[in-house]
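A.B. asks: I'd like to ask some things about the structure below.
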Amino acid sequence: MRVSLPAIVAASLLALPATADQVHVFAAASMRNALDAVAADYMAKSGDQVVISYAGSNALARQIIDGAPADIFISANESWMDEVEAAGLIADDLRRDLLQNTLVLVAGDPSVQGPVNATMDLAGMLDGGKLAMALVESVPAGQYGKAALEHLGLWQVAEPSVAQADNVRAALALVATGEAPLGIVYATDAKAEPRVHVVGEFPDDSYPPATYPAGLLTESEDDGDRAFFEALSGEAASAIFAEQGFRVVN
């Protein structure tokens with residue numbers, strides 16, 4: 001596998017029988033906390049092994065197209081899933097929209113308050129510091145963030161101050177560690193990081209819907225792969241995703 005970013009080997013949490021199926025999942029970085037919890041719950045019930053690699057959807061899609069061995073792909077937007085499907089790598093009728101997310105502006109300083117709209121003084125709020133974002137031309141959170149700022153008429157103000165990170169969790173870390181006073185991330189990311197607070201949500205109509213499609217890959221249609229793919233839309237997983245701040249689609 002050509003994944004250079006750390007992989008979460010969720011199965012290490014449990015002692016598994018020798019006959020357990022192993023499911024390899026490539027998932028958007030913003031899913032880390034929620035999907036780790038879903039996988040742990042699933043493994044405890046099934047005895048199967050789930051191995052999850054997290055990165056930006058763009059990087060994961062390219063790795064899958066280049067031949068990296070994965071069974072399930074969960075993207076943070078539809079366009080990168082479209083790329084994988086166009087390459088003939090998604091099994092017939094085994095792609096579905098799973099979740100939606102909300103884009104928010106976060107700060108490390110709790111005194112920074114919203115609302116987030118066209119009238120906010122973004123330059124004053126940054127005060128010479130950086131605005132942390134995922135890669136604005138390729139990573140979904142960065143693409144949505146740029147679209148939202150353009151819609152609000154704030155991109156020209158923001159662009160010179162943007163600090164781009166490889167994925168949304170890396171952008172979140174810049175704010176959490178104080179390297180950037182502000183960042184644009186998903187609501188679920190903000191919920192997972194106690195060192196930041198939400199300044200405000202971007203208006204829903206300021207960026208395309210942040211939809212997370214899941215797909216079962218064509219070379220990965222054994223019983224274990226299919227079972228975990230179906231479990232992602234099940235009641236137990238949906239409850240975990242909702243608790244972590246996602247909007248459940250299915």
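A note on labels: chains of the structure tokens are A, B, ... as shown, every chain counts residues from 1, and ligands are counted from 1 in their shown order.
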What are the nearest atom pairs, with distances in Å to one decimal, for all residues of range 81-163 of chain A that come at most 7 Å from range 217-240 of chain A, using only C-alpha atoms, set out by chain and rising residue number as a Markdown table?

C.D. replies:
| residue | atom | partner | partner_atom | distance |
| --- | --- | --- | --- | --- |
| A:Leu89 | CA | A:Thr218 | CA | 5.2 |
| A:Ile90 | CA | A:Leu217 | CA | 4.5 |
| A:Ala91 | CA | A:Thr218 | CA | 4.4 |
| A:Leu98 | CA | A:Ser233 | CA | 6.8 |

A.B. asks: Mind checking which residues fall within 7 Å of range 242-248 of chain A, counting only C-alpha atoms, ignoring those fewer than 6 positions away in the same chain, and posting them as a list in words?

C.D. replies: Ala34, Leu98, Leu99, Gln100, Asn101, Ala187 and Thr188 of chain A

A.B. asks: Compile the contact shell of Ala76 in chain A as a PyMOL selection string: residues with an atom at most 8 Å away, counting only C-alpha atoms, same-chain residues fewer than 4 positions apart removed.

C.D. replies: chain A and resi 28+30+57+140-141+210-213

A.B. asks: What is the CA of Val168 in chain A-CA of Trp155 in chain A distance in Å, reported with one decimal?

C.D. replies: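 CA of Trp155 in chain A lies 18.3 Å from CA of Val168 in chain A.
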
A.B. asks: Apply DSSP to the structure's backbone, then extract all residues of range 32-114 of chain A labelled strand (DSSP E) and return them as a PyMOL selection string.

C.D. replies: chain A and resi 49-55+72-74+90-101+103-107

A.B. asks: Just the selected residues (N, CA and C atoms), exported as a short mmCIF file (atom, residue, chain, number, x, y, z; two decimals), in the first residue's frame, please.

C.D. replies:
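Writing done, so here's part_35.cif:
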data_model
loop_
_atom_site.label_atom_id
_atom_site.label_comp_id
_atom_site.auth_asym_id
_atom_site.auth_seq_id
_atom_site.Cartn_x
_atom_site.Cartn_y
_atom_site.Cartn_z
N GLN A 49 -11.95 -7.85 11.53
CA GLN A 49 -10.87 -6.88 11.70
C GLN A 49 -11.06 -5.73 10.72
N VAL A 50 -11.02 -4.50 11.22
CA VAL A 50 -11.16 -3.32 10.37
C VAL A 50 -9.89 -2.49 10.48
N VAL A 51 -9.27 -2.22 9.35
CA VAL A 51 -8.05 -1.40 9.28
C VAL A 51 -8.39 -0.14 8.50
N ILE A 52 -8.17 1.02 9.11
CA ILE A 52 -8.59 2.28 8.49
C ILE A 52 -7.39 3.18 8.24
N SER A 53 -7.28 3.69 7.02
CA SER A 53 -6.26 4.68 6.67
C SER A 53 -6.97 6.01 6.42
N TYR A 54 -6.51 7.06 7.10
CA TYR A 54 -7.11 8.39 6.99
C TYR A 54 -6.17 9.34 6.25
N ALA A 55 -6.75 10.16 5.40
CA ALA A 55 -5.99 11.21 4.69
C ALA A 55 -7.01 12.10 4.00
N ILE A 72 -13.04 -0.47 0.95
CA ILE A 72 -14.10 0.53 1.03
C ILE A 72 -13.46 1.91 1.00
N PHE A 73 -14.05 2.82 0.25
CA PHE A 73 -13.59 4.21 0.21
C PHE A 73 -14.73 5.10 0.69
N ILE A 74 -14.42 6.01 1.62
CA ILE A 74 -15.39 7.01 2.06
C ILE A 74 -14.77 8.37 1.82
N ILE A 90 -15.54 1.07 -8.51
CA ILE A 90 -16.64 0.94 -7.55
C ILE A 90 -17.58 -0.15 -8.05
N ALA A 91 -17.90 -1.10 -7.18
CA ALA A 91 -18.78 -2.20 -7.55
C ALA A 91 -20.16 -1.67 -7.93
N ASP A 92 -20.82 -2.36 -8.86
CA ASP A 92 -22.14 -1.93 -9.34
C ASP A 92 -23.14 -1.81 -8.19
N ASP A 93 -23.81 -0.66 -8.14
CA ASP A 93 -24.88 -0.40 -7.16
C ASP A 93 -24.39 -0.46 -5.71
N LEU A 94 -23.10 -0.29 -5.52
CA LEU A 94 -22.56 -0.34 -4.15
C LEU A 94 -21.83 0.96 -3.82
N ARG A 95 -22.47 2.04 -4.21
CA ARG A 95 -22.08 3.39 -3.80
C ARG A 95 -23.31 4.06 -3.22
N ARG A 96 -23.14 4.73 -2.09
CA ARG A 96 -24.28 5.43 -1.50
C ARG A 96 -23.82 6.64 -0.70
N ASP A 97 -24.65 7.67 -0.67
CA ASP A 97 -24.37 8.83 0.18
C ASP A 97 -24.63 8.44 1.61
N LEU A 98 -23.64 8.71 2.46
CA LEU A 98 -23.69 8.23 3.84
C LEU A 98 -24.00 9.34 4.83
N LEU A 99 -23.29 10.47 4.71
CA LEU A 99 -23.35 11.52 5.71
C LEU A 99 -23.26 12.89 5.05
N GLN A 100 -23.58 13.92 5.84
CA GLN A 100 -23.29 15.30 5.47
C GLN A 100 -22.66 16.02 6.66
N ASN A 101 -21.92 17.07 6.36
CA ASN A 101 -21.23 17.82 7.40
C ASN A 101 -21.49 19.31 7.22
N LEU A 103 -19.77 23.29 7.59
CA LEU A 103 -18.52 24.05 7.61
C LEU A 103 -18.58 25.14 8.68
N VAL A 104 -17.51 25.25 9.47
CA VAL A 104 -17.49 26.24 10.54
C VAL A 104 -16.15 26.98 10.57
N LEU A 105 -16.19 28.16 11.15
CA LEU A 105 -14.98 28.93 11.45
C LEU A 105 -14.65 28.69 12.91
N VAL A 106 -13.39 28.30 13.18
CA VAL A 106 -12.97 28.03 14.56
C VAL A 106 -11.83 28.95 14.96
N ALA A 107 -11.71 29.14 16.26
CA ALA A 107 -10.63 29.96 16.83
C ALA A 107 -10.11 29.30 18.09
#

A.B. asks: Do you know which residues are at most 10 Å from Val199 in chain A counting only C-alpha atoms, after dropping those on the same chain fewer than 2 positions away, and could you put them as a VMD selection string?

C.D. replies: chain A and resid 104 to 116 182 to 183 196 to 197 201 to 202

A.B. asks: Report, in Å to a single decimal, how far apart CA of Asp127 in chain A and CA of Glu159 in chain A are.

C.D. replies: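 Distance reported for this atom pair: 14.2 Å.
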
A.B. asks: Find the residues near Ala180 in chain A: any atom within 9 Å, counting only C-alpha atoms, skip ones fewer than 6 places away on the same chain, and give them as a list in words.

C.D. replies: Ala107, Gly108, Leu126, Gly129, Lys130, Leu131, Ala132, Ala163, Ala171, Ala173 and Leu174 of chain A

A.B. asks: Would you list, as JSON, numbers by chain, the residues of range 7-214 of chain A that end up in helix (DSSP H, G or I) under DSSP run on this structure's backbone?

C.D. replies: {"A": [10, 11, 12, 13, 29, 30, 31, 32, 33, 34, 35, 36, 37, 38, 39, 40, 41, 42, 43, 44, 45, 46, 57, 58, 59, 60, 61, 62, 63, 64, 65, 78, 79, 80, 81, 82, 83, 84, 85, 86, 122, 123, 124, 125, 126, 140, 141, 142, 143, 144, 145, 146, 147, 148, 149, 150, 151, 155, 156, 157, 158, 159, 160, 161, 168, 169, 170, 171, 172, 173, 174, 175, 176, 187, 188, 189, 190, 191, 192, 204, 205, 206]}

A.B. asks: Contacts of Gly145 in chain A at 8 Å or less, counting only C-alpha atoms, minus same-chain residues fewer than 3 places along, as JSON, numbers by chain?

C.D. replies: {"A": [103, 133, 136, 141, 142, 148, 149, 184, 185, 207]}

A.B. asks: Using only C-alpha atoms, which of A:Ala70, A:Val157, A:Leu135, A:Ala147 sits nearest Met120 in chain A?

C.D. replies: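 Ranked by minimum distance to Met120 in chain A, first place goes to A:Val157.
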